[in-house]
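**Q** One structure follows; several queries about it will come next.
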Amino acid sequence: MAELAWEDLSRTLRSSAPYKSLLQGLGDVVRLPVPAAAWVGELLARDLKRPLLVVVPREADALMWMEAARLFGREDGAVYFPAPSLTPYQETETSLQVRAQESVALDCVTSGRAVTIVTTPRALFRRLPAPEAFRRAVLAVKPGEDHAIESLTRHLARYGYKRTDLVYEVGDFAVRGGIVDVFPPGEDAPVRLDLFGDTVESIRWFDPQSQRSEDTLDGIRILPLYLFPGGAEDAALLAELLTENLGTDLGPQEAEAIEGLRNRGEFPGWENYHPLLAARTVALTGALTGGLASPLTWAVDPPALEAEVSHHAERLEGDYAARVEHGRLAVPPDSLEQPAQQVREALEAAAVRLRDLVVGGGRDGHGGGAAGADFHGTLTDLFHGQLPRFPQEVATARARGERCLVVVSPAHRRRIEELLEGREVPLGRGGVELVTGELGRGFRLPAAGVVVYGEQQLLPQAKLQRRPGRTRYGPFLSGLRDLKVGDYVVHVDHGIGQFVALRSVGGDGSGAGGLPPVLRELGSQSAAAETEVMEIAYASGKRLLLPLSRIDQVQKYSGIEGVAPRLDQLGGTSWNRTKARVKKGMRDMAGELLKLYAERQVARAPALPADTDLLHQFEAAFAYEESPDQLEAIATIREDLQRERPMDRLLCGDVGYGKTEVAM
């Protein structure tokens with residue numbers, strides 16, 4: 001633990017009755033908020049010397065647990081295992097970001113580096129490679145080793161990397177002579193392998209913007225982006241396997257998909273069928289059992305988990321039935337994902353079941369209707385706009401004999417100190433203790449004798465102002481008249497693409513079945529309904545069909561005339577990095593402006609007299625009669641000149657309206 005305060009409080013928590021009860025018998029837990037549960041879970045994992053698998057209903061809960069686990073445990077000991085948001089029957093490639101996160105998380109799991117794994121029920125459906133198969137997919141490279149460039153590129157292509165001219169984002173690789181550039185998942189920057197013949201001479205980071213090499217590395221582990229092999233040979237094997245399973249009486253769409261595997265080595269979403277080729281697949285719980293100790297599984301809010309399992313199982317069956325009905329390529333759900341019953345059994349076998357997340361809502365009137373280890377914990381209040389109430393809350397906690405902690409980031413520590421001192425809140429053991437870290441929402445945990453707040457509970461983060469709905473389409477529609485086929489556009493989430501056409505999908509003859517999956521709900525209102533979409537092309541030939549109801553997410557690209565921009569990858573990370581870089585530049589510029597205006601506030605300039613003989617002579621000799629606006633501007637500027645603070649005013653107006661005369 002980073003702070004001595006957590007060490008002292010952990011000793012108190014370990015000696016409490018509910019923790020001892022849980023340590024001896026495990027089972028149900030009640031009245032324990034998620035951030036506090038992460039603390040208890042970390043202590044249990046240490047005391048029992050077992051890894052921790054936490055299953056929460058929603059991704060937001062997972063992020064809350066992860067945040068607290070990193071605060072109370074080791075910084076790199078907690079990992080979030082993501083899951084695709086779509087079923088494997090959607091004809092679309094899984095998001096690059098999800099694939100990269102999944103690969104990094106599975107590497108942490110199979111290597112034993114992860115002490116805590118947080119996930120959702122959707123991830124328990126995933127068929128994953130056996131740990132030994134995944135380790136074979138990880139390519140370890142060190143200087144002095146022999147790696148033929150042909151075998152390197154073949155391995156990268158087989159495990160989901162895309163060959164490009166220049167490497168910009170995760171999943172790209174490029175070959176130029178004896179140099180191989182690659183951007184593996186889990187790395188902050190791409191790496192450059194410099195080979196002499198088949199021998200690796202050096203490995204360096206390099207900047208994707210300038211393409212210049214930087215620091216030297218002792219080695220690199222290149223993680224796969226496909227969890228299962230997906231090369232040309234694998235595509236041919238999959239085509240034969242699908243043909244054997246489906247028979248020779250194939251519909252035209254099924255035959256087209258299988259022919260695409262044979263000729264092009266893929267069809268949209270084909271990586272979802274990779275588990276069919278694996279000799280053995282495991283669930284996430286199976287990947288964890290390869291370690292020295294079995295994982296300690298926490299099921300957070302079992303009723304909500306069951307609802308998520310049922311929902312995904314229904315989606316699987318519904319999508320499979322729809323594809324069979326329309327003669328599209330499909331295999332039974334249990335061939336692609338784990339059976340729902342197996343997921344339910346894994347959740348039912350959880351060692352710890354955290355119930356009653358909503359404190360105070362139990363049927364028995366005491367905040368919880370289930371028996372189990374009762375920690376009597378609650379979430380602490382928000383004080384947005386009510387900071388005068390905070391000192392009284394601190395005094396109440398101290399009167400109960402509880403320590404009061406506020407978790408602050410290092411950058412905001414001084415700001416919080418000044419805020420508390422201004423309200424006469426004592427700092428230290430006798431009042432509020434400031435500890436370093438990040439925590440969105442704190443808690444009160446009587447078992448540990450502590451009340452915890454996050455800094456965001458005291459000072460809310462600024463929220464973006466929402467524009468009125470009537471102007472939603474204004475920025476785009478104003479330029480739509482001039483938009484031509486081939487023009488470049490910018491999508492708020494996906495980046496720069498190329499406008500292809502405005503067209504209708506669905507409609508007579510096809511109905512809702514002719515719609516892409518993302519538009520099927522829009523087209524299902526009527527069998528003959530048409531949906532107007534904007535078709536946008538992205539890198540690698542990928543297309544986005546954007547409903548006109550969401551056209552406010554797009555605007556026309558404005559750049560250097562005659563210079564074509566680089567298209568972004570649909571679902572890639574380059575656009576997010578571009579936005580992050582622009583935000584950083586704006587923050588830097590804002591900082592410089594703040595510094596400039598702070599200097600202007602303290603600077604002093606000589607104050608000019610209100611009236612002089614020279615001024616009266618100049619006004620008398622002026623050949624023109626001033627307009628009312630000119631007179632108002634002159635009076636305002638003269639007031640500025642009579643102050644000691646440097647003047648900071650902009651005089652503007654159309655050409656020929658007397659700005660020069662006013663300035664004189």
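Going through the structure tokens in order, the chains are called A, B, and so on, while each chain numbers its residues from 1 and the ligands are numbered from 1 in the order shown.
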Where does DSSP see helix (DSSP H, G or I) in region 377-477 of chain A, if you list the residues as a PyMOL selection string?
**A** chain A and resi 387-399+410-422+455-458+469-471+474-477
**Q** Please save N, CA, C and O atoms of the selected residues as a compact mmCIF listing (two decimals), in the first residue's frame.
**A**
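Contents of selection.txt, freshly written:
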```
# COMPACT_ATOMS: atom_id res chain seq x y z
N LEU A 387 -20.58 22.51 0.33
CA LEU A 387 -19.33 22.36 1.07
C LEU A 387 -19.41 22.86 2.51
O LEU A 387 -18.71 22.32 3.38
N PRO A 388 -20.23 23.87 2.84
CA PRO A 388 -20.32 24.27 4.25
C PRO A 388 -20.76 23.13 5.17
O PRO A 388 -20.53 23.19 6.38
N ARG A 389 -21.38 22.10 4.62
CA ARG A 389 -21.82 20.97 5.42
C ARG A 389 -20.69 19.99 5.71
O ARG A 389 -20.79 19.16 6.64
N PHE A 390 -19.60 20.05 4.94
CA PHE A 390 -18.53 19.05 5.07
C PHE A 390 -17.83 19.10 6.43
O PHE A 390 -17.57 18.04 7.02
N PRO A 391 -17.47 20.28 6.98
CA PRO A 391 -16.83 20.28 8.31
C PRO A 391 -17.65 19.57 9.37
O PRO A 391 -17.10 18.90 10.25
N GLN A 392 -18.99 19.70 9.32
CA GLN A 392 -19.83 19.03 10.30
C GLN A 392 -19.77 17.51 10.13
O GLN A 392 -19.77 16.76 11.12
N GLU A 393 -19.69 17.06 8.86
CA GLU A 393 -19.56 15.61 8.61
C GLU A 393 -18.25 15.09 9.18
O GLU A 393 -18.18 13.99 9.74
N VAL A 394 -17.19 15.88 9.03
CA VAL A 394 -15.89 15.47 9.58
C VAL A 394 -15.96 15.40 11.10
O VAL A 394 -15.48 14.44 11.72
N ALA A 395 -16.58 16.40 11.70
CA ALA A 395 -16.70 16.40 13.17
C ALA A 395 -17.51 15.21 13.66
O ALA A 395 -17.19 14.60 14.69
N THR A 396 -18.57 14.85 12.93
CA THR A 396 -19.40 13.70 13.32
C THR A 396 -18.59 12.41 13.24
O THR A 396 -18.67 11.56 14.13
N ALA A 397 -17.81 12.26 12.17
CA ALA A 397 -16.98 11.06 12.03
C ALA A 397 -15.95 10.98 13.15
O ALA A 397 -15.72 9.91 13.73
N ARG A 398 -15.34 12.10 13.48
CA ARG A 398 -14.34 12.09 14.54
C ARG A 398 -14.98 11.79 15.89
O ARG A 398 -14.38 11.12 16.74
N ALA A 399 -16.22 12.26 16.10
CA ALA A 399 -16.92 11.98 17.35
C ALA A 399 -17.22 10.49 17.49
O ALA A 399 -17.29 9.97 18.61
N PRO A 410 -2.06 13.94 -6.92
CA PRO A 410 -0.94 14.83 -6.55
C PRO A 410 -1.10 16.24 -7.09
O PRO A 410 -0.72 17.21 -6.42
N ALA A 411 -1.68 16.37 -8.30
CA ALA A 411 -1.80 17.70 -8.91
C ALA A 411 -2.77 18.59 -8.16
O ALA A 411 -2.66 19.82 -8.22
N HIS A 412 -3.75 17.99 -7.45
CA HIS A 412 -4.78 18.79 -6.79
C HIS A 412 -4.61 18.84 -5.27
O HIS A 412 -5.48 19.37 -4.58
N ARG A 413 -3.52 18.28 -4.76
CA ARG A 413 -3.36 18.19 -3.31
C ARG A 413 -3.36 19.58 -2.66
O ARG A 413 -4.08 19.80 -1.67
N ARG A 414 -2.57 20.50 -3.20
CA ARG A 414 -2.49 21.83 -2.60
C ARG A 414 -3.83 22.54 -2.67
O ARG A 414 -4.22 23.26 -1.74
N ARG A 415 -4.56 22.33 -3.75
CA ARG A 415 -5.87 22.97 -3.91
C ARG A 415 -6.85 22.49 -2.83
O ARG A 415 -7.57 23.29 -2.24
N ILE A 416 -6.85 21.17 -2.54
CA ILE A 416 -7.73 20.64 -1.51
C ILE A 416 -7.29 21.12 -0.13
O ILE A 416 -8.13 21.43 0.73
N GLU A 417 -5.98 21.20 0.10
CA GLU A 417 -5.49 21.70 1.38
C GLU A 417 -5.99 23.12 1.63
O GLU A 417 -6.47 23.44 2.73
N GLU A 418 -5.88 23.99 0.63
CA GLU A 418 -6.34 25.37 0.78
C GLU A 418 -7.85 25.42 1.00
O GLU A 418 -8.35 26.24 1.79
N LEU A 419 -8.57 24.54 0.31
CA LEU A 419 -10.03 24.51 0.46
C LEU A 419 -10.41 24.15 1.89
O LEU A 419 -11.29 24.78 2.50
N LEU A 420 -9.75 23.13 2.46
CA LEU A 420 -10.08 22.69 3.82
C LEU A 420 -9.61 23.71 4.85
O LEU A 420 -10.32 23.98 5.84
N GLU A 421 -8.43 24.28 4.65
CA GLU A 421 -7.94 25.30 5.59
C GLU A 421 -8.85 26.51 5.60
O GLU A 421 -9.08 27.12 6.65
N GLY A 422 -9.38 26.86 4.42
CA GLY A 422 -10.28 28.00 4.36
C GLY A 422 -11.58 27.77 5.11
O GLY A 422 -12.25 28.73 5.50
N GLU A 455 -11.89 13.25 -3.99
CA GLU A 455 -11.88 14.71 -4.19
C GLU A 455 -13.03 15.17 -5.08
O GLU A 455 -13.52 16.28 -4.95
N GLN A 456 -13.50 14.27 -5.98
CA GLN A 456 -14.60 14.65 -6.86
C GLN A 456 -15.91 14.78 -6.09
O GLN A 456 -16.88 15.35 -6.61
N GLN A 457 -15.97 14.22 -4.89
CA GLN A 457 -17.17 14.40 -4.07
C GLN A 457 -17.23 15.81 -3.48
O GLN A 457 -18.31 16.29 -3.15
N LEU A 458 -16.08 16.44 -3.34
CA LEU A 458 -16.05 17.81 -2.80
C LEU A 458 -16.16 18.84 -3.91
O LEU A 458 -16.88 19.84 -3.77
N GLY A 469 -31.42 21.44 -28.76
CA GLY A 469 -31.68 20.42 -29.78
C GLY A 469 -31.96 20.99 -31.16
O GLY A 469 -31.68 20.36 -32.16
N ARG A 470 -32.50 22.17 -31.26
CA ARG A 470 -32.88 22.69 -32.56
C ARG A 470 -31.67 23.01 -33.44
O ARG A 470 -31.80 23.12 -34.65
N THR A 471 -30.48 23.15 -32.84
CA THR A 471 -29.29 23.43 -33.64
C THR A 471 -28.45 22.18 -33.88
O THR A 471 -27.32 22.27 -34.27
N GLY A 474 -27.27 21.82 -37.46
CA GLY A 474 -26.85 23.04 -38.13
C GLY A 474 -25.47 23.02 -38.73
O GLY A 474 -25.29 23.30 -39.92
N PRO A 475 -24.41 22.68 -37.95
CA PRO A 475 -23.05 22.75 -38.48
C PRO A 475 -22.85 21.88 -39.71
O PRO A 475 -22.13 22.25 -40.62
N PHE A 476 -23.49 20.69 -39.74
CA PHE A 476 -23.26 19.82 -40.89
C PHE A 476 -24.11 20.24 -42.07
O PHE A 476 -23.64 20.33 -43.20
N LEU A 477 -25.42 20.53 -41.83
CA LEU A 477 -26.32 20.81 -42.94
C LEU A 477 -25.92 22.08 -43.68
O LEU A 477 -26.20 22.21 -44.87
```
**Q** Which neighbours of Arg70 (chain A) fall inside 12 Å, counting only C-alpha atoms, when residues of the same chain fewer than 2 positions from it are skipped, and could you give them as an MDAnalysis selection string?
**A** chainID A and resid 1:2 35 38:39 41:42 63:68 72:80 114:118 436:439
**Q** Name the residues in contact with Gly428 (chain A) at a cut-off of 10 Å, using only C-alpha atoms, excluding same-chain residues fewer than 4 positions from it; report them as JSON, numbers by chain.
**A** {"A": [403, 404, 405, 432, 433, 434]}
**Q** Those residues with all heavy atoms, as a PDB file, in the first residue's frame please?
**A**
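Output (result-v9.pdb):
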```
ATOM      1  N   ARG A 403     -11.566   7.588  11.577  1.00  0.00           N
ATOM      2  CA  ARG A 403     -10.640   8.445  10.834  1.00  0.00           C
ATOM      3  C   ARG A 403     -11.311   8.920   9.551  1.00  0.00           C
ATOM      4  O   ARG A 403     -12.131   8.198   8.957  1.00  0.00           O
ATOM      5  CB  ARG A 403      -9.352   7.674  10.517  1.00  0.00           C
ATOM      6  CG  ARG A 403      -8.579   7.302  11.758  1.00  0.00           C
ATOM      7  CD  ARG A 403      -7.412   6.388  11.462  1.00  0.00           C
ATOM      8  NE  ARG A 403      -6.366   7.035  10.679  1.00  0.00           N
ATOM      9  CZ  ARG A 403      -5.197   6.459  10.378  1.00  0.00           C
ATOM     10  NH1 ARG A 403      -4.938   5.224  10.816  1.00  0.00           N
ATOM     11  NH2 ARG A 403      -4.290   7.097   9.667  1.00  0.00           N
ATOM     12  N   CYS A 404     -10.955  10.123   9.126  1.00  0.00           N
ATOM     13  CA  CYS A 404     -11.563  10.723   7.939  1.00  0.00           C
ATOM     14  C   CYS A 404     -10.473  10.943   6.899  1.00  0.00           C
ATOM     15  O   CYS A 404      -9.496  11.669   7.150  1.00  0.00           O
ATOM     16  CB  CYS A 404     -12.243  12.043   8.298  1.00  0.00           C
ATOM     17  SG  CYS A 404     -13.191  12.752   6.940  1.00  0.00           S
ATOM     18  N   LEU A 405     -10.614  10.311   5.735  1.00  0.00           N
ATOM     19  CA  LEU A 405      -9.611  10.382   4.672  1.00  0.00           C
ATOM     20  C   LEU A 405     -10.224  10.981   3.413  1.00  0.00           C
ATOM     21  O   LEU A 405     -11.395  10.704   3.087  1.00  0.00           O
ATOM     22  CB  LEU A 405      -9.067   8.984   4.344  1.00  0.00           C
ATOM     23  CG  LEU A 405      -7.895   8.450   5.187  1.00  0.00           C
ATOM     24  CD1 LEU A 405      -8.286   8.314   6.645  1.00  0.00           C
ATOM     25  CD2 LEU A 405      -7.425   7.101   4.638  1.00  0.00           C
ATOM     26  N   VAL A 432      -8.825  15.786   8.910  1.00  0.00           N
ATOM     27  CA  VAL A 432      -8.879  15.110   7.614  1.00  0.00           C
ATOM     28  C   VAL A 432      -7.467  14.745   7.181  1.00  0.00           C
ATOM     29  O   VAL A 432      -6.569  15.594   7.178  1.00  0.00           O
ATOM     30  CB  VAL A 432      -9.544  16.011   6.552  1.00  0.00           C
ATOM     31  CG1 VAL A 432      -9.413  15.389   5.165  1.00  0.00           C
ATOM     32  CG2 VAL A 432     -11.012  16.223   6.883  1.00  0.00           C
ATOM     33  N   GLU A 433      -7.276  13.488   6.811  1.00  0.00           N
ATOM     34  CA  GLU A 433      -5.990  13.023   6.288  1.00  0.00           C
ATOM     35  C   GLU A 433      -6.088  12.938   4.766  1.00  0.00           C
ATOM     36  O   GLU A 433      -7.027  12.324   4.233  1.00  0.00           O
ATOM     37  CB  GLU A 433      -5.647  11.647   6.867  1.00  0.00           C
ATOM     38  CG  GLU A 433      -5.541  11.633   8.384  1.00  0.00           C
ATOM     39  CD  GLU A 433      -5.357  10.229   8.922  1.00  0.00           C
ATOM     40  OE1 GLU A 433      -4.328   9.594   8.579  1.00  0.00           O
ATOM     41  OE2 GLU A 433      -6.238   9.757   9.665  1.00  0.00           O
ATOM     42  N   LEU A 434      -5.139  13.551   4.075  1.00  0.00           N
ATOM     43  CA  LEU A 434      -5.098  13.498   2.619  1.00  0.00           C
ATOM     44  C   LEU A 434      -4.181  12.362   2.191  1.00  0.00           C
ATOM     45  O   LEU A 434      -3.036  12.278   2.628  1.00  0.00           O
ATOM     46  CB  LEU A 434      -4.593  14.822   2.044  1.00  0.00           C
ATOM     47  CG  LEU A 434      -5.415  16.077   2.383  1.00  0.00           C
ATOM     48  CD1 LEU A 434      -4.859  17.277   1.647  1.00  0.00           C
ATOM     49  CD2 LEU A 434      -6.884  15.869   2.053  1.00  0.00           C
TER      50      LEU A 434
END
```
**Q** Please measure the separation of CA of Ile634 (chain A) and CA of Thr660 (chain A), giving the value in Å to one decimal.
**A** 11.2 Å
**Q** If you run DSSP on the backbone here, which positions in region 291-472 of chain A get strand (DSSP E)? Please write them as a PDB file with N, CA, C and O atoms, in the first residue's frame.
**A**
```pdb
ATOM      1  N   LEU A 296     -10.194 -16.979  -6.271  1.00  0.00           N
ATOM      2  CA  LEU A 296     -11.264 -16.668  -5.329  1.00  0.00           C
ATOM      3  C   LEU A 296     -12.274 -15.808  -6.082  1.00  0.00           C
ATOM      4  O   LEU A 296     -12.004 -14.654  -6.400  1.00  0.00           O
ATOM      5  N   THR A 297     -13.437 -16.377  -6.394  1.00  0.00           N
ATOM      6  CA  THR A 297     -14.406 -15.706  -7.251  1.00  0.00           C
ATOM      7  C   THR A 297     -15.412 -14.927  -6.419  1.00  0.00           C
ATOM      8  O   THR A 297     -15.993 -15.460  -5.463  1.00  0.00           O
ATOM      9  N   TRP A 298     -15.607 -13.648  -6.784  1.00  0.00           N
ATOM     10  CA  TRP A 298     -16.628 -12.789  -6.199  1.00  0.00           C
ATOM     11  C   TRP A 298     -17.730 -12.585  -7.230  1.00  0.00           C
ATOM     12  O   TRP A 298     -17.451 -12.169  -8.363  1.00  0.00           O
ATOM     13  N   ALA A 299     -18.965 -12.858  -6.848  1.00  0.00           N
ATOM     14  CA  ALA A 299     -20.120 -12.556  -7.692  1.00  0.00           C
ATOM     15  C   ALA A 299     -20.826 -11.345  -7.092  1.00  0.00           C
ATOM     16  O   ALA A 299     -21.394 -11.427  -6.005  1.00  0.00           O
ATOM     17  N   VAL A 300     -20.749 -10.220  -7.780  1.00  0.00           N
ATOM     18  CA  VAL A 300     -21.304  -8.964  -7.271  1.00  0.00           C
ATOM     19  C   VAL A 300     -22.723  -8.786  -7.795  1.00  0.00           C
ATOM     20  O   VAL A 300     -22.941  -8.727  -9.014  1.00  0.00           O
ATOM     21  N   VAL A 352     -17.606 -15.989  -2.899  1.00  0.00           N
ATOM     22  CA  VAL A 352     -18.178 -14.837  -2.189  1.00  0.00           C
ATOM     23  C   VAL A 352     -19.267 -14.237  -3.066  1.00  0.00           C
ATOM     24  O   VAL A 352     -19.051 -13.999  -4.259  1.00  0.00           O
ATOM     25  N   ARG A 353     -20.422 -13.994  -2.476  1.00  0.00           N
ATOM     26  CA  ARG A 353     -21.541 -13.383  -3.199  1.00  0.00           C
ATOM     27  C   ARG A 353     -21.893 -12.068  -2.508  1.00  0.00           C
ATOM     28  O   ARG A 353     -22.353 -12.061  -1.354  1.00  0.00           O
ATOM     29  N   LEU A 354     -21.633 -10.973  -3.208  1.00  0.00           N
ATOM     30  CA  LEU A 354     -21.891  -9.640  -2.648  1.00  0.00           C
ATOM     31  C   LEU A 354     -23.311  -9.229  -3.006  1.00  0.00           C
ATOM     32  O   LEU A 354     -23.629  -8.970  -4.166  1.00  0.00           O
ATOM     33  N   ALA A 373     -21.977 -12.035   6.085  1.00  0.00           N
ATOM     34  CA  ALA A 373     -21.086 -11.097   6.763  1.00  0.00           C
ATOM     35  C   ALA A 373     -21.569  -9.674   6.501  1.00  0.00           C
ATOM     36  O   ALA A 373     -21.571  -9.217   5.358  1.00  0.00           O
ATOM     37  N   ASP A 374     -21.989  -8.995   7.537  1.00  0.00           N
ATOM     38  CA  ASP A 374     -22.581  -7.653   7.417  1.00  0.00           C
ATOM     39  C   ASP A 374     -21.538  -6.612   7.832  1.00  0.00           C
ATOM     40  O   ASP A 374     -21.169  -6.513   9.003  1.00  0.00           O
ATOM     41  N   THR A 378     -21.626   2.029   3.862  1.00  0.00           N
ATOM     42  CA  THR A 378     -22.460   2.893   3.024  1.00  0.00           C
ATOM     43  C   THR A 378     -21.549   3.743   2.151  1.00  0.00           C
ATOM     44  O   THR A 378     -20.375   3.955   2.470  1.00  0.00           O
ATOM     45  N   LEU A 379     -22.090   4.235   1.051  1.00  0.00           N
ATOM     46  CA  LEU A 379     -21.379   5.222   0.240  1.00  0.00           C
ATOM     47  C   LEU A 379     -21.477   6.589   0.912  1.00  0.00           C
ATOM     48  O   LEU A 379     -22.502   6.910   1.522  1.00  0.00           O
ATOM     49  N   ARG A 403     -11.566   7.588  11.577  1.00  0.00           N
ATOM     50  CA  ARG A 403     -10.640   8.445  10.834  1.00  0.00           C
ATOM     51  C   ARG A 403     -11.311   8.920   9.551  1.00  0.00           C
ATOM     52  O   ARG A 403     -12.131   8.198   8.957  1.00  0.00           O
ATOM     53  N   CYS A 404     -10.955  10.123   9.126  1.00  0.00           N
ATOM     54  CA  CYS A 404     -11.563  10.723   7.939  1.00  0.00           C
ATOM     55  C   CYS A 404     -10.473  10.943   6.899  1.00  0.00           C
ATOM     56  O   CYS A 404      -9.496  11.669   7.150  1.00  0.00           O
ATOM     57  N   LEU A 405     -10.614  10.311   5.735  1.00  0.00           N
ATOM     58  CA  LEU A 405      -9.611  10.382   4.672  1.00  0.00           C
ATOM     59  C   LEU A 405     -10.224  10.981   3.413  1.00  0.00           C
ATOM     60  O   LEU A 405     -11.395  10.704   3.087  1.00  0.00           O
ATOM     61  N   VAL A 406      -9.445  11.790   2.712  1.00  0.00           N
ATOM     62  CA  VAL A 406      -9.833  12.311   1.403  1.00  0.00           C
ATOM     63  C   VAL A 406      -8.757  11.886   0.411  1.00  0.00           C
ATOM     64  O   VAL A 406      -7.569  12.182   0.608  1.00  0.00           O
ATOM     65  N   VAL A 407      -9.169  11.184  -0.639  1.00  0.00           N
ATOM     66  CA  VAL A 407      -8.236  10.690  -1.660  1.00  0.00           C
ATOM     67  C   VAL A 407      -8.094  11.773  -2.722  1.00  0.00           C
ATOM     68  O   VAL A 407      -9.092  12.188  -3.335  1.00  0.00           O
ATOM     69  N   VAL A 408      -6.860  12.252  -2.947  1.00  0.00           N
ATOM     70  CA  VAL A 408      -6.617  13.342  -3.888  1.00  0.00           C
ATOM     71  C   VAL A 408      -5.488  12.949  -4.837  1.00  0.00           C
ATOM     72  O   VAL A 408      -4.595  12.172  -4.481  1.00  0.00           O
ATOM     73  N   VAL A 432      -8.825  15.786   8.910  1.00  0.00           N
ATOM     74  CA  VAL A 432      -8.879  15.110   7.614  1.00  0.00           C
ATOM     75  C   VAL A 432      -7.467  14.745   7.181  1.00  0.00           C
ATOM     76  O   VAL A 432      -6.569  15.594   7.178  1.00  0.00           O
ATOM     77  N   GLU A 433      -7.276  13.488   6.811  1.00  0.00           N
ATOM     78  CA  GLU A 433      -5.990  13.023   6.288  1.00  0.00           C
ATOM     79  C   GLU A 433      -6.088  12.938   4.766  1.00  0.00           C
ATOM     80  O   GLU A 433      -7.027  12.324   4.233  1.00  0.00           O
ATOM     81  N   LEU A 434      -5.139  13.551   4.075  1.00  0.00           N
ATOM     82  CA  LEU A 434      -5.098  13.498   2.619  1.00  0.00           C
ATOM     83  C   LEU A 434      -4.181  12.362   2.191  1.00  0.00           C
ATOM     84  O   LEU A 434      -3.036  12.278   2.628  1.00  0.00           O
ATOM     85  N   VAL A 435      -4.705  11.467   1.339  1.00  0.00           N
ATOM     86  CA  VAL A 435      -3.921  10.344   0.821  1.00  0.00           C
ATOM     87  C   VAL A 435      -3.917  10.427  -0.696  1.00  0.00           C
ATOM     88  O   VAL A 435      -4.881  10.868  -1.323  1.00  0.00           O
ATOM     89  N   THR A 436      -2.825  10.015  -1.292  1.00  0.00           N
ATOM     90  CA  THR A 436      -2.645  10.130  -2.735  1.00  0.00           C
ATOM     91  C   THR A 436      -3.326   8.978  -3.459  1.00  0.00           C
ATOM     92  O   THR A 436      -3.232   7.823  -3.042  1.00  0.00           O
ATOM     93  N   PHE A 443     -16.609   5.920   0.827  1.00  0.00           N
ATOM     94  CA  PHE A 443     -17.495   5.059   1.600  1.00  0.00           C
ATOM     95  C   PHE A 443     -17.205   5.228   3.087  1.00  0.00           C
ATOM     96  O   PHE A 443     -16.149   5.723   3.488  1.00  0.00           O
ATOM     97  N   ARG A 444     -18.158   4.793   3.879  1.00  0.00           N
ATOM     98  CA  ARG A 444     -17.961   4.663   5.325  1.00  0.00           C
ATOM     99  C   ARG A 444     -17.950   3.177   5.649  1.00  0.00           C
ATOM    100  O   ARG A 444     -18.855   2.435   5.258  1.00  0.00           O
ATOM    101  N   LEU A 445     -16.916   2.723   6.349  1.00  0.00           N
ATOM    102  CA  LEU A 445     -16.769   1.317   6.690  1.00  0.00           C
ATOM    103  C   LEU A 445     -16.479   1.211   8.184  1.00  0.00           C
ATOM    104  O   LEU A 445     -15.331   1.311   8.622  1.00  0.00           O
ATOM    105  N   VAL A 450     -13.319   3.954   9.498  1.00  0.00           N
ATOM    106  CA  VAL A 450     -12.860   4.980   8.562  1.00  0.00           C
ATOM    107  C   VAL A 450     -14.025   5.498   7.729  1.00  0.00           C
ATOM    108  O   VAL A 450     -15.001   4.772   7.455  1.00  0.00           O
ATOM    109  N   VAL A 451     -13.921   6.767   7.358  1.00  0.00           N
ATOM    110  CA  VAL A 451     -14.812   7.399   6.384  1.00  0.00           C
ATOM    111  C   VAL A 451     -13.919   7.952   5.279  1.00  0.00           C
ATOM    112  O   VAL A 451     -12.975   8.703   5.557  1.00  0.00           O
ATOM    113  N   VAL A 452     -14.202   7.574   4.035  1.00  0.00           N
ATOM    114  CA  VAL A 452     -13.344   7.928   2.905  1.00  0.00           C
ATOM    115  C   VAL A 452     -14.146   8.760   1.908  1.00  0.00           C
ATOM    116  O   VAL A 452     -15.311   8.440   1.610  1.00  0.00           O
ATOM    117  N   TYR A 453     -13.507   9.816   1.394  1.00  0.00           N
ATOM    118  CA  TYR A 453     -14.099  10.655   0.352  1.00  0.00           C
ATOM    119  C   TYR A 453     -13.125  10.748  -0.816  1.00  0.00           C
ATOM    120  O   TYR A 453     -11.905  10.747  -0.622  1.00  0.00           O
ATOM    121  N   GLY A 454     -13.664  10.842  -2.008  1.00  0.00           N
ATOM    122  CA  GLY A 454     -12.854  11.188  -3.170  1.00  0.00           C
ATOM    123  C   GLY A 454     -12.928  12.683  -3.412  1.00  0.00           C
ATOM    124  O   GLY A 454     -13.931  13.327  -3.071  1.00  0.00           O
TER     125      GLY A 454
END
```
